[in-house]
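Participant: Got a structure here, written out as structure tokens. Questions coming.
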Amino acid sequence: MIVPGYRDNPPTRWDPVAPVDPNEAEEFLRQCYLENPRLGPVEPRLAIVRAQIAATGTYVHTPDELSYGAKMAWRNSSRCIGRLYWRSLVVLDRRRARTADEIFSLLVHHLQAAGGAQRDGGKIRPVISIFAAAQPGQPYAKVWNEQLVRYAGYRTDGAVVGDPRMADFTAAMQGFGWQGKGDAFDILPLAVQVPGESVRLYELPERAVLEVPVSHPEFGWFAELGLRWHAVPAISNMRLTIGGVNYPLAPFNGWYMGSEIGARNFADADRYNMLPTVAERMGLDMSSESTLWRDRALVELNRAVLWSFEKAGVRISDHHTESQRFMSHLRNEEKAGRPVPADWTWIVPPISGGITPVFHRYYAEMDLRPNFYPLENTCPYSQN
């Protein structure tokens with residue numbers, strides 16, 4: 001069966017010199033216009049696009065094509081469990097921005113539009129900001145950060161204060177003159193680079209970042225741990241490809257599933273590694289793995305995250321609810337006659353996976369486009 005946008009052998013790397021593939025452009029446009037009859041017949045549009053590609057090696061999406069293409073990319077993202085909401089994506093067309101100052105200002109606006117500073121409700125919205133498309137053989141603007149909001153990791157005497165994942169990036173920022181406070185939750189600057197210029201660092205203003213202090217519904221001592229986390233997970237190191245056109249700078253966000261914070265960011269041994277601390281404060285028997293002290297501490301850590309976000313009125317989902325919603329997404333797409341690519345290792349939650357409905361089935365892996373792909377060499381000074 002031929003699936004629109006499917007490649008049996010997708011390229012492993014993006015060739016920034018190559019022109020747009022006219023066949024990929026046509027596949028996207030036919031699917032986009034088929035799913036949106038209000039856009040009119042596709043043949044006149046195809047004639048224009050073919051001419052643009054022949055003359056320049058690329059073409060320019062209309063605002064409608066850009067918006068729907070971004071939503072299709074979310075729909076096709078095999079590692080995302082939250083795709084039920086793909087139609088609700090807020091698409092911000094930022095293709096006119098050129099300077100580093102303009103880009104930074106619009107990134108701040110992105111975080112605010114997503115709800116990261118709405119302290120009167122924290123109603124996080126899925127948002128994508130799409131900056132200029134790459135032109136064949138030309139340099140392009142990029143953000144070195146993997147997410148718009150990340151916490152620094154400072155190497156000190158063989159240990160790391162903060163997030164060890166960000167230790168290399170933090171050292172790179174310090175090499176450019178940035179000085180953090182040295183705390184465990186220092187927000188890293190945004191590193192913006194535009195063609196013809198060196199990278200520029202920008203501090204995010206307080207109004208752009210909403211953070212939630214983490215406490216526990218029963219353990220009063222939990223607040224003493226000093227944990228907190230930001231509300232908007234805005235990915236910034238993925239390129240968006242729509243109909244063969246690549247957008248190297250297209251940061252996007254949904255909202256957190258609690259286990260992303262409680263079972264990964266806080267719990268992983270190579271991140272904040274909080275399980276031993278929580279278990280000790282709980283008074284658990286840590287003499288052997290068979291006491292399941294890690295599991296008990298993990299549950300309470302995740303309870304704390306969910307309870308704290310809900311108490312603060314900031315949108316978050318638990319892994320059971322989100323798993324059920326993903327199954328609804330599968331049913332919706334099946335009714336629409338569309339395949340659903342999914343990576344089992346990402347869809348199944350990192351806590352209590354076996355008692356969620358997404359665990360008990362297999363999923364097809366395929367390269368459906370539009371989609372998001374890792375942007376190679378986003379930060380030349382970071383191994384992450």
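Going by the structure tokens order, chains are called A, B, ..., each with residues numbered from 1, while ligands are numbered from 1 in the order shown.
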Residues of segment 161-280 of chain A within 10 Å of segment 61-77 of chain A: nearest atom pair and distance (Å, one decimal) for each, counting only C-alpha atoms, sorted by chain and number, as a Markdown table?
Facilitator:
```
| residue | atom | partner | partner_atom | distance |
| --- | --- | --- | --- | --- |
| A:Leu240 | CA | A:Ala73 | CA | 7.5 |
| A:Thr241 | CA | A:Ala73 | CA | 7.8 |
| A:Ile242 | CA | A:Gly69 | CA | 5.8 |
| A:Gly243 | CA | A:Gly69 | CA | 8.0 |
| A:Val245 | CA | A:His61 | CA | 8.6 |
| A:Ala250 | CA | A:Ala70 | CA | 9.5 |
| A:Phe252 | CA | A:Trp74 | CA | 9.6 |
```
Participant: Could the residues in this selection be saved with all heavy atoms as a PDB file, in the first residue's frame?
Facilitator:
```pdb
ATOM      1  N   LEU A 240      11.819  21.210  11.218  1.00  0.00           N
ATOM      2  CA  LEU A 240      10.500  20.889  10.684  1.00  0.00           C
ATOM      3  C   LEU A 240      10.624  20.780   9.171  1.00  0.00           C
ATOM      4  O   LEU A 240      11.180  21.671   8.523  1.00  0.00           O
ATOM      5  CB  LEU A 240       9.510  21.986  11.068  1.00  0.00           C
ATOM      6  CG  LEU A 240       8.156  22.009  10.365  1.00  0.00           C
ATOM      7  CD1 LEU A 240       7.330  20.779  10.726  1.00  0.00           C
ATOM      8  CD2 LEU A 240       7.406  23.291  10.719  1.00  0.00           C
ATOM      9  N   THR A 241      10.143  19.695   8.599  1.00  0.00           N
ATOM     10  CA  THR A 241      10.134  19.583   7.147  1.00  0.00           C
ATOM     11  C   THR A 241       8.697  19.425   6.659  1.00  0.00           C
ATOM     12  O   THR A 241       7.936  18.591   7.158  1.00  0.00           O
ATOM     13  CB  THR A 241      11.006  18.408   6.660  1.00  0.00           C
ATOM     14  OG1 THR A 241      10.960  18.338   5.238  1.00  0.00           O
ATOM     15  CG2 THR A 241      10.568  17.081   7.242  1.00  0.00           C
ATOM     16  N   ILE A 242       8.329  20.281   5.725  1.00  0.00           N
ATOM     17  CA  ILE A 242       6.980  20.288   5.153  1.00  0.00           C
ATOM     18  C   ILE A 242       7.112  20.285   3.639  1.00  0.00           C
ATOM     19  O   ILE A 242       7.651  21.237   3.058  1.00  0.00           O
ATOM     20  CB  ILE A 242       6.177  21.534   5.584  1.00  0.00           C
ATOM     21  CG1 ILE A 242       6.039  21.608   7.106  1.00  0.00           C
ATOM     22  CG2 ILE A 242       4.798  21.539   4.928  1.00  0.00           C
ATOM     23  CD1 ILE A 242       5.366  22.906   7.585  1.00  0.00           C
ATOM     24  N   GLY A 243       6.668  19.236   3.013  1.00  0.00           N
ATOM     25  CA  GLY A 243       6.699  19.186   1.564  1.00  0.00           C
ATOM     26  C   GLY A 243       8.078  19.403   0.969  1.00  0.00           C
ATOM     27  O   GLY A 243       8.213  20.012  -0.091  1.00  0.00           O
ATOM     28  N   VAL A 245      10.454  21.249   2.120  1.00  0.00           N
ATOM     29  CA  VAL A 245      11.056  22.500   2.601  1.00  0.00           C
ATOM     30  C   VAL A 245      11.424  22.316   4.070  1.00  0.00           C
ATOM     31  O   VAL A 245      10.603  21.866   4.874  1.00  0.00           O
ATOM     32  CB  VAL A 245      10.088  23.688   2.437  1.00  0.00           C
ATOM     33  CG1 VAL A 245      10.703  24.959   3.012  1.00  0.00           C
ATOM     34  CG2 VAL A 245       9.739  23.880   0.969  1.00  0.00           C
ATOM     35  N   ALA A 250      12.300  26.022  14.383  1.00  0.00           N
ATOM     36  CA  ALA A 250      10.843  25.907  14.531  1.00  0.00           C
ATOM     37  C   ALA A 250      10.517  25.340  15.903  1.00  0.00           C
ATOM     38  O   ALA A 250       9.988  24.227  16.032  1.00  0.00           O
ATOM     39  CB  ALA A 250      10.260  25.030  13.426  1.00  0.00           C
ATOM     40  N   PHE A 252       8.787  24.242  19.281  1.00  0.00           N
ATOM     41  CA  PHE A 252       7.394  23.879  19.520  1.00  0.00           C
ATOM     42  C   PHE A 252       7.255  23.313  20.927  1.00  0.00           C
ATOM     43  O   PHE A 252       8.217  22.823  21.512  1.00  0.00           O
ATOM     44  CB  PHE A 252       6.925  22.842  18.492  1.00  0.00           C
ATOM     45  CG  PHE A 252       7.707  21.557  18.523  1.00  0.00           C
ATOM     46  CD1 PHE A 252       7.273  20.482  19.299  1.00  0.00           C
ATOM     47  CD2 PHE A 252       8.859  21.414  17.786  1.00  0.00           C
ATOM     48  CE1 PHE A 252       7.994  19.303  19.337  1.00  0.00           C
ATOM     49  CE2 PHE A 252       9.603  20.232  17.813  1.00  0.00           C
ATOM     50  CZ  PHE A 252       9.162  19.176  18.593  1.00  0.00           C
TER      51      PHE A 252
END
```
Participant: Write down as a ChimeraX atom specification the residues belonging to segment 13-167 of chain A that are assigned helix (DSSP H, G or I) by DSSP computed on the backbone.
Facilitator: /A:22-35,37-39,43-56,63-75,83-88,100-113,164-167
Participant: Among the residues of segment 108-155 of chain A, find those DSSP assigns to strand (DSSP E) from the backbone and print them as a tab-separated table (two decimals) with C-alpha atoms, in the first residue's frame.
Facilitator:
```
chain	number	residue	atom	x	y	z
A	127	VAL	CA	2.51	26.42	20.13
A	128	ILE	CA	5.04	26.36	17.30
A	129	SER	CA	7.03	29.36	16.03
A	130	ILE	CA	8.26	28.81	12.48
A	142	LYS	CA	19.48	28.55	14.61
A	143	VAL	CA	19.23	28.31	18.37
A	153	GLY	CA	24.77	22.02	35.13
A	154	TYR	CA	27.98	23.20	36.84
A	155	ARG	CA	30.92	20.81	37.16
```
Participant: Within 12 Å of segment 310-328 of chain A, which residues of segment 216-245 of chain A show up? Give each one with its shortest atom-to-atom distance in Å (one decimal) and the two atoms involved, counting only C-alpha atoms, rows by chain then rising residue number, as a Markdown table.
Facilitator:
```
| residue | atom | partner | partner_atom | distance |
| --- | --- | --- | --- | --- |
| A:His216 | CA | A:Lys311 | CA | 10.3 |
| A:Pro217 | CA | A:Lys311 | CA | 9.7 |
| A:Arg228 | CA | A:Ala312 | CA | 11.8 |
| A:Trp229 | CA | A:Val314 | CA | 11.3 |
| A:His230 | CA | A:Val314 | CA | 10.1 |
| A:Ala231 | CA | A:Val314 | CA | 7.1 |
| A:Val232 | CA | A:Arg315 | CA | 9.5 |
| A:Pro233 | CA | A:Ile316 | CA | 11.0 |
```
Participant: Within 8 Å of segment 346-354 of chain A, which residues of segment 185-297 of chain A show up? Give each one with its shortest atom-to-atom distance in Å (one decimal) and the two atoms involved, counting only C-alpha atoms, rows by chain then rising residue number, as JSON lines.
Facilitator:
```
{"residue": "A:Ser259", "atom": "CA", "partner": "A:Pro350", "partner_atom": "CA", "distance": 6.7}
{"residue": "A:Glu260", "atom": "CA", "partner": "A:Pro350", "partner_atom": "CA", "distance": 7.9}
{"residue": "A:Ala263", "atom": "CA", "partner": "A:Pro350", "partner_atom": "CA", "distance": 6.3}
{"residue": "A:Arg264", "atom": "CA", "partner": "A:Pro350", "partner_atom": "CA", "distance": 7.5}
```
Participant: How about saving the chosen residues, all heavy atoms kept, as a PDB file, in the first residue's frame?
Facilitator:
```pdb
ATOM      1  N   SER A 259       5.279  12.213  34.360  1.00  0.00           N
ATOM      2  CA  SER A 259       6.388  11.266  34.438  1.00  0.00           C
ATOM      3  C   SER A 259       7.633  11.759  33.711  1.00  0.00           C
ATOM      4  O   SER A 259       8.741  11.293  33.992  1.00  0.00           O
ATOM      5  CB  SER A 259       5.959   9.902  33.884  1.00  0.00           C
ATOM      6  OG  SER A 259       5.501  10.018  32.547  1.00  0.00           O
ATOM      7  N   GLU A 260       7.489  12.688  32.764  1.00  0.00           N
ATOM      8  CA  GLU A 260       8.665  13.258  32.116  1.00  0.00           C
ATOM      9  C   GLU A 260       9.545  13.969  33.141  1.00  0.00           C
ATOM     10  O   GLU A 260      10.779  13.946  33.041  1.00  0.00           O
ATOM     11  CB  GLU A 260       8.250  14.244  31.030  1.00  0.00           C
ATOM     12  CG  GLU A 260       7.513  13.639  29.852  1.00  0.00           C
ATOM     13  CD  GLU A 260       7.095  14.704  28.852  1.00  0.00           C
ATOM     14  OE1 GLU A 260       7.928  15.086  28.021  1.00  0.00           O
ATOM     15  OE2 GLU A 260       5.941  15.180  28.937  1.00  0.00           O
ATOM     16  N   ALA A 263       9.764  10.958  36.638  1.00  0.00           N
ATOM     17  CA  ALA A 263      10.412   9.669  36.408  1.00  0.00           C
ATOM     18  C   ALA A 263      11.649   9.770  35.526  1.00  0.00           C
ATOM     19  O   ALA A 263      12.353   8.775  35.348  1.00  0.00           O
ATOM     20  CB  ALA A 263       9.421   8.683  35.784  1.00  0.00           C
ATOM     21  N   ARG A 264      11.911  10.943  34.957  1.00  0.00           N
ATOM     22  CA  ARG A 264      13.095  11.109  34.119  1.00  0.00           C
ATOM     23  C   ARG A 264      13.959  12.263  34.630  1.00  0.00           C
ATOM     24  O   ARG A 264      15.045  12.058  35.161  1.00  0.00           O
ATOM     25  CB  ARG A 264      12.698  11.345  32.648  1.00  0.00           C
ATOM     26  CG  ARG A 264      11.905  10.208  32.026  1.00  0.00           C
ATOM     27  CD  ARG A 264      12.619   8.857  32.106  1.00  0.00           C
ATOM     28  NE  ARG A 264      13.971   8.891  31.593  1.00  0.00           N
ATOM     29  CZ  ARG A 264      14.315   8.764  30.302  1.00  0.00           C
ATOM     30  NH1 ARG A 264      13.365   8.567  29.395  1.00  0.00           N
ATOM     31  NH2 ARG A 264      15.576   8.785  29.915  1.00  0.00           N
TER      32      ARG A 264
END
```
Participant: Taking a cut-off of 12 Å and counting only C-alpha atoms, can you build a table that, for each residue of segment 210-311 of chain A near segment 176-194 of chain A, reports the nearest atom pair and how far apart they are in Å (one decimal), sorted by chain then residue number, as a Markdown table?
Facilitator:
```
| residue | atom | partner | partner_atom | distance |
| --- | --- | --- | --- | --- |
| A:Leu210 | CA | A:Ile187 | CA | 11.3 |
| A:Glu211 | CA | A:Phe185 | CA | 10.1 |
| A:Val212 | CA | A:Phe185 | CA | 11.6 |
| A:Pro213 | CA | A:Phe185 | CA | 10.9 |
| A:Leu225 | CA | A:Ala184 | CA | 11.0 |
| A:Gly226 | CA | A:Ala184 | CA | 9.0 |
| A:Leu227 | CA | A:Phe185 | CA | 8.2 |
| A:Arg228 | CA | A:Phe185 | CA | 7.6 |
| A:Trp229 | CA | A:Phe185 | CA | 8.1 |
| A:His230 | CA | A:Ile187 | CA | 9.4 |
| A:Ser236 | CA | A:Leu190 | CA | 10.3 |
| A:Asn237 | CA | A:Ala191 | CA | 11.7 |
| A:Pro248 | CA | A:Val194 | CA | 11.5 |
| A:Leu249 | CA | A:Val192 | CA | 10.2 |
| A:Phe266 | CA | A:Ala184 | CA | 11.8 |
| A:Arg271 | CA | A:Ala184 | CA | 11.3 |
| A:Tyr272 | CA | A:Ala184 | CA | 9.0 |
```
Participant: Could you save those same residues with all heavy atoms as a tab-separated table (two decimals), in the first residue's frame?
Facilitator:
```tsv
chain	number	residue	atom	x	y	z
A	210	LEU	N	7.51	30.39	33.57
A	210	LEU	CA	6.73	30.01	34.74
A	210	LEU	C	7.34	28.73	35.33
A	210	LEU	O	7.52	27.74	34.63
A	210	LEU	CB	5.27	29.77	34.36
A	210	LEU	CG	4.36	29.20	35.45
A	210	LEU	CD1	4.33	30.12	36.67
A	210	LEU	CD2	2.96	28.96	34.91
A	211	GLU	N	7.66	28.77	36.61
A	211	GLU	CA	8.21	27.61	37.29
A	211	GLU	C	7.29	27.19	38.43
A	211	GLU	O	6.62	28.03	39.04
A	211	GLU	CB	9.60	27.90	37.83
A	211	GLU	CG	10.63	28.21	36.77
A	211	GLU	CD	11.98	28.53	37.37
A	211	GLU	OE1	12.14	29.68	37.85
A	211	GLU	OE2	12.86	27.65	37.38
A	212	VAL	N	7.29	25.90	38.71
A	212	VAL	CA	6.44	25.35	39.76
A	212	VAL	C	7.32	24.75	40.85
A	212	VAL	O	8.08	23.81	40.59
A	212	VAL	CB	5.50	24.27	39.22
A	212	VAL	CG1	4.66	23.66	40.35
A	212	VAL	CG2	4.59	24.84	38.13
A	213	PRO	N	7.27	25.28	42.09
A	213	PRO	CA	8.00	24.64	43.19
A	213	PRO	C	7.32	23.32	43.54
A	213	PRO	O	6.09	23.22	43.56
A	213	PRO	CB	7.88	25.66	44.33
A	213	PRO	CG	6.67	26.47	44.00
A	213	PRO	CD	6.57	26.50	42.50
A	225	LEU	N	13.54	19.98	49.89
A	225	LEU	CA	14.47	19.52	48.85
A	225	LEU	C	14.76	20.62	47.83
A	225	LEU	O	15.74	20.54	47.08
A	225	LEU	CB	13.90	18.29	48.14
A	225	LEU	CG	13.62	17.06	49.01
A	225	LEU	CD1	13.02	15.93	48.17
A	225	LEU	CD2	14.90	16.59	49.69
A	226	GLY	N	13.90	21.62	47.78
A	226	GLY	CA	14.13	22.76	46.89
A	226	GLY	C	13.93	22.48	45.41
A	226	GLY	O	14.47	23.19	44.56
A	227	LEU	N	13.14	21.47	45.09
A	227	LEU	CA	12.92	21.13	43.69
A	227	LEU	C	11.91	22.06	43.03
A	227	LEU	O	10.96	22.53	43.68
A	227	LEU	CB	12.41	19.69	43.57
A	227	LEU	CG	13.33	18.59	44.11
A	227	LEU	CD1	12.65	17.23	43.96
A	227	LEU	CD2	14.67	18.60	43.40
A	228	ARG	N	12.10	22.32	41.78
A	228	ARG	CA	11.11	23.04	40.97
A	228	ARG	C	11.34	22.67	39.51
A	228	ARG	O	12.36	22.12	39.14
A	228	ARG	CB	11.22	24.55	41.18
A	228	ARG	CG	12.51	25.20	40.72
A	228	ARG	CD	12.42	26.71	40.92
A	228	ARG	NE	13.58	27.43	40.42
A	228	ARG	CZ	14.66	27.72	41.14
A	228	ARG	NH1	14.73	27.34	42.41
A	228	ARG	NH2	15.67	28.38	40.61
A	229	TRP	N	10.35	23.00	38.68
A	229	TRP	CA	10.50	22.74	37.25
A	229	TRP	C	9.68	23.75	36.46
A	229	TRP	O	8.69	24.29	36.95
A	229	TRP	CB	10.07	21.32	36.88
A	229	TRP	CG	10.78	20.85	35.64
A	229	TRP	CD1	10.27	20.76	34.38
A	229	TRP	CD2	12.15	20.43	35.56
A	229	TRP	NE1	11.24	20.31	33.51
A	229	TRP	CE2	12.41	20.10	34.21
A	229	TRP	CE3	13.18	20.31	36.49
A	229	TRP	CZ2	13.65	19.66	33.77
A	229	TRP	CZ3	14.43	19.86	36.06
A	229	TRP	CH2	14.65	19.54	34.71
A	230	HIS	N	10.13	24.00	35.24
A	230	HIS	CA	9.45	24.98	34.38
A	230	HIS	C	8.23	24.33	33.72
A	230	HIS	O	8.15	23.11	33.58
A	230	HIS	CB	10.41	25.54	33.34
A	230	HIS	CG	11.03	24.50	32.46
A	230	HIS	ND1	10.49	24.11	31.26
A	230	HIS	CD2	12.16	23.75	32.63
A	230	HIS	CE1	11.25	23.18	30.71
A	230	HIS	NE2	12.27	22.94	31.52
A	236	SER	N	13.68	22.97	20.81
A	236	SER	CA	14.22	23.95	19.86
A	236	SER	C	15.35	23.41	18.99
A	236	SER	O	15.95	24.17	18.23
A	236	SER	CB	14.71	25.19	20.61
A	236	SER	OG	15.59	24.85	21.66
A	237	ASN	N	15.64	22.10	19.06
A	237	ASN	CA	16.73	21.56	18.25
A	237	ASN	C	16.24	20.55	17.22
A	237	ASN	O	16.94	19.61	16.86
A	237	ASN	CB	17.80	20.92	19.14
A	237	ASN	CG	17.28	19.70	19.91
A	237	ASN	OD1	16.07	19.47	19.98
A	237	ASN	ND2	18.19	18.93	20.47
A	248	PRO	N	14.81	25.02	9.83
A	248	PRO	CA	15.76	24.62	10.89
A	248	PRO	C	15.45	25.21	12.26
A	248	PRO	O	15.91	24.68	13.26
A	248	PRO	CB	17.11	25.14	10.36
A	248	PRO	CG	16.89	25.43	8.91
A	248	PRO	CD	15.47	25.81	8.78
A	249	LEU	N	14.71	26.31	12.27
A	249	LEU	CA	14.35	26.94	13.55
A	249	LEU	C	12.83	26.98	13.65
A	249	LEU	O	12.18	27.85	13.06
A	249	LEU	CB	14.95	28.35	13.64
A	249	LEU	CG	14.69	29.12	14.95
A	249	LEU	CD1	15.08	28.29	16.16
A	249	LEU	CD2	15.43	30.45	14.94
A	266	PHE	N	13.93	14.25	37.22
A	266	PHE	CA	14.31	14.18	38.63
A	266	PHE	C	14.90	12.83	39.02
A	266	PHE	O	15.72	12.75	39.95
A	266	PHE	CB	13.09	14.44	39.53
A	266	PHE	CG	12.67	15.89	39.60
A	266	PHE	CD1	11.39	16.24	40.01
A	266	PHE	CD2	13.56	16.91	39.28
A	266	PHE	CE1	11.00	17.56	40.10
A	266	PHE	CE2	13.17	18.24	39.35
A	266	PHE	CZ	11.89	18.57	39.77
A	271	ARG	N	20.71	12.49	35.67
A	271	ARG	CA	20.06	13.80	35.72
A	271	ARG	C	20.11	14.27	37.17
A	271	ARG	O	21.17	14.33	37.78
A	271	ARG	CB	18.62	13.71	35.18
A	271	ARG	CG	18.52	13.28	33.72
A	271	ARG	CD	19.15	14.25	32.73
A	271	ARG	NE	18.51	15.54	32.73
A	271	ARG	CZ	17.33	15.82	32.15
A	271	ARG	NH1	16.65	14.87	31.55
A	271	ARG	NH2	16.84	17.05	32.18
A	272	TYR	N	18.97	14.59	37.80
A	272	TYR	CA	19.01	15.09	39.17
A	272	TYR	C	19.14	13.98	40.21
A	272	TYR	O	19.44	14.25	41.38
A	272	TYR	CB	17.78	15.96	39.44
A	272	TYR	CG	17.94	17.37	38.89
A	272	TYR	CD1	17.68	17.64	37.55
A	272	TYR	CD2	18.39	18.41	39.70
A	272	TYR	CE1	17.85	18.92	37.03
A	272	TYR	CE2	18.56	19.69	39.19
A	272	TYR	CZ	18.29	19.94	37.86
A	272	TYR	OH	18.47	21.21	37.34
```
Participant: Name the residues in contact with Met282 of chain A at a cut-off of 9 Å, using only C-alpha atoms, excluding same-chain residues fewer than 4 positions from it; report them as a VMD selection string.
Facilitator: chain A and resid 219 277 to 278 297
Participant: Could you write out the selected residues, including all heavy atoms, as a tab-separated table (two decimals), in the first residue's frame?
Facilitator:
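Wrote part_31.tsv, looks like this:
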```tsv
chain	number	residue	atom	x	y	z
A	219	PHE	N	4.09	14.61	52.67
A	219	PHE	CA	5.40	14.74	53.29
A	219	PHE	C	5.81	16.21	53.37
A	219	PHE	O	6.20	16.80	52.36
A	219	PHE	CB	6.45	13.96	52.51
A	219	PHE	CG	6.13	12.49	52.34
A	219	PHE	CD1	6.51	11.81	51.19
A	219	PHE	CD2	5.47	11.78	53.34
A	219	PHE	CE1	6.24	10.47	51.03
A	219	PHE	CE2	5.18	10.44	53.18
A	219	PHE	CZ	5.55	9.78	52.03
A	277	THR	N	17.76	10.23	47.62
A	277	THR	CA	17.45	11.25	48.61
A	277	THR	C	16.02	11.11	49.13
A	277	THR	O	15.77	11.17	50.34
A	277	THR	CB	17.65	12.66	48.01
A	277	THR	OG1	19.01	12.81	47.59
A	277	THR	CG2	17.30	13.74	49.01
A	278	VAL	N	15.08	10.92	48.20
A	278	VAL	CA	13.67	10.77	48.60
A	278	VAL	C	13.49	9.51	49.43
A	278	VAL	O	12.79	9.52	50.46
A	278	VAL	CB	12.76	10.74	47.35
A	278	VAL	CG1	11.33	10.39	47.73
A	278	VAL	CG2	12.80	12.09	46.64
A	297	ALA	N	9.95	5.20	46.08
A	297	ALA	CA	10.37	6.60	46.01
A	297	ALA	C	9.93	7.24	44.70
A	297	ALA	O	9.54	8.41	44.65
A	297	ALA	CB	11.89	6.69	46.17
```
Participant: When you count only C-alpha atoms, which of these residues is closest to Ala208 of chain A: A:Gln174, A:Gln112, A:Thr356, A:Ser290?
Facilitator: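 Residue with the minimum atom-to-atom distance to Ala208 of chain A: A:Gln112.
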Participant: With distances taken over only C-alpha atoms, which residue among A:Arg30, A:Lys335, A:Arg296, A:Arg79 lies nearest Tyr373 of chain A?
Facilitator: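 Nearest candidate to Tyr373 of chain A out of A:Arg30, A:Lys335, A:Arg296, A:Arg79: A:Arg79.
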Participant: Have a look at A:Asn273, A:Pro44, A:Met286, A:Tyr85 and name the one nearest to Val160 of chain A; count only C-alpha atoms.
Facilitator: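 Once distances to Val160 of chain A are computed over only C-alpha atoms, the minimum belongs to A:Asn273.
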Participant: For the atom pair atom CA of Leu306 of chain A and atom CA of Trp255 of chain A, what is the interatomic distance in Å to one decimal place?
Facilitator: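 Separating atom CA of Leu306 of chain A from atom CA of Trp255 of chain A is a distance of 12.5 Å.
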Participant: Any idea what's packed within 9 Å of segment 49-58 of chain A, counting only C-alpha atoms, ignoring anything in its chain fewer than 6 positions away? Could you give it as a list in words?
Facilitator: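 Counting only the stated atoms, we get Ala18, Pro19, Val20, Asp21, Pro22, Ala25, Glu26, Gln135, Pro136, Gly244 and Val245 of chain A.
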Participant: Store the residues picked out above in a file with all heavy atoms, as a compact mmCIF listing (two decimals), in the first residue's frame.
Facilitator:
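And here is the file that came out, selection-v7.txt:
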```
# COMPACT_ATOMS: atom_id res chain seq x y z
N ALA A 18 21.01 20.44 -1.20
CA ALA A 18 20.12 19.86 -2.20
C ALA A 18 18.86 20.69 -2.39
O ALA A 18 18.31 21.24 -1.42
CB ALA A 18 19.76 18.44 -1.81
N PRO A 19 18.36 20.78 -3.61
CA PRO A 19 17.07 21.47 -3.83
C PRO A 19 15.92 20.64 -3.31
O PRO A 19 16.07 19.45 -2.99
CB PRO A 19 17.03 21.59 -5.36
CG PRO A 19 17.86 20.45 -5.86
CD PRO A 19 18.96 20.28 -4.85
N VAL A 20 14.76 21.25 -3.23
CA VAL A 20 13.56 20.55 -2.78
C VAL A 20 13.16 19.48 -3.79
O VAL A 20 13.23 19.69 -5.01
CB VAL A 20 12.40 21.57 -2.59
CG1 VAL A 20 11.08 20.85 -2.40
CG2 VAL A 20 12.69 22.49 -1.43
N ASP A 21 12.77 18.33 -3.27
CA ASP A 21 12.30 17.24 -4.12
C ASP A 21 10.88 17.58 -4.60
O ASP A 21 9.95 17.67 -3.79
CB ASP A 21 12.28 15.95 -3.30
CG ASP A 21 11.79 14.75 -4.10
OD1 ASP A 21 11.35 14.92 -5.24
OD2 ASP A 21 11.82 13.63 -3.55
N PRO A 22 10.68 17.77 -5.90
CA PRO A 22 9.34 18.13 -6.40
C PRO A 22 8.29 17.08 -6.07
O PRO A 22 7.12 17.42 -5.85
CB PRO A 22 9.55 18.25 -7.92
CG PRO A 22 11.02 18.46 -8.10
CD PRO A 22 11.67 17.71 -6.98
N ALA A 25 7.15 17.62 -2.52
CA ALA A 25 6.30 18.81 -2.48
C ALA A 25 4.90 18.47 -2.98
O ALA A 25 3.89 18.87 -2.38
CB ALA A 25 6.91 19.91 -3.34
N GLU A 26 4.82 17.71 -4.07
CA GLU A 26 3.51 17.36 -4.63
C GLU A 26 2.73 16.47 -3.69
O GLU A 26 1.51 16.66 -3.50
CB GLU A 26 3.69 16.67 -5.98
CG GLU A 26 2.36 16.28 -6.62
CD GLU A 26 2.52 15.73 -8.03
OE1 GLU A 26 3.61 15.89 -8.62
OE2 GLU A 26 1.53 15.14 -8.54
N GLN A 135 17.40 27.86 2.62
CA GLN A 135 17.55 27.97 1.18
C GLN A 135 18.70 27.06 0.75
O GLN A 135 19.73 27.01 1.43
CB GLN A 135 17.84 29.41 0.78
CG GLN A 135 16.77 30.41 1.21
CD GLN A 135 15.42 30.12 0.60
OE1 GLN A 135 15.31 29.92 -0.61
NE2 GLN A 135 14.38 30.09 1.43
N PRO A 136 18.57 26.34 -0.35
CA PRO A 136 19.62 25.41 -0.76
C PRO A 136 20.99 26.07 -0.82
O PRO A 136 21.19 27.07 -1.49
CB PRO A 136 19.16 24.95 -2.15
CG PRO A 136 17.68 25.11 -2.12
CD PRO A 136 17.42 26.33 -1.29
N GLY A 244 9.10 18.90 1.64
CA GLY A 244 10.46 19.03 1.15
C GLY A 244 11.17 20.29 1.56
O GLY A 244 12.39 20.41 1.39
N VAL A 245 10.45 21.25 2.12
CA VAL A 245 11.06 22.50 2.60
C VAL A 245 11.42 22.32 4.07
O VAL A 245 10.60 21.87 4.87
CB VAL A 245 10.09 23.69 2.44
CG1 VAL A 245 10.70 24.96 3.01
CG2 VAL A 245 9.74 23.88 0.97
```
Participant: Closest to Pro341 of chain A among A:Ser78, A:Met257, A:Gly220, A:Pro370, using only C-alpha atoms?
Facilitator: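 Result for the nearest residue to Pro341 of chain A: A:Ser78.
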Participant: Of the candidates A:Phe359, A:Tyr33, A:Tyr202, A:Trp293, which one gets nearest to Asp101 of chain A if we count only C-alpha atoms?
Facilitator: A:Tyr202
Participant: Pick from A:Pro251, A:Gly337, A:Gly196, A:Gly262: nearest to Asp93 of chain A, with only C-alpha atoms counted?
Facilitator: A:Pro251
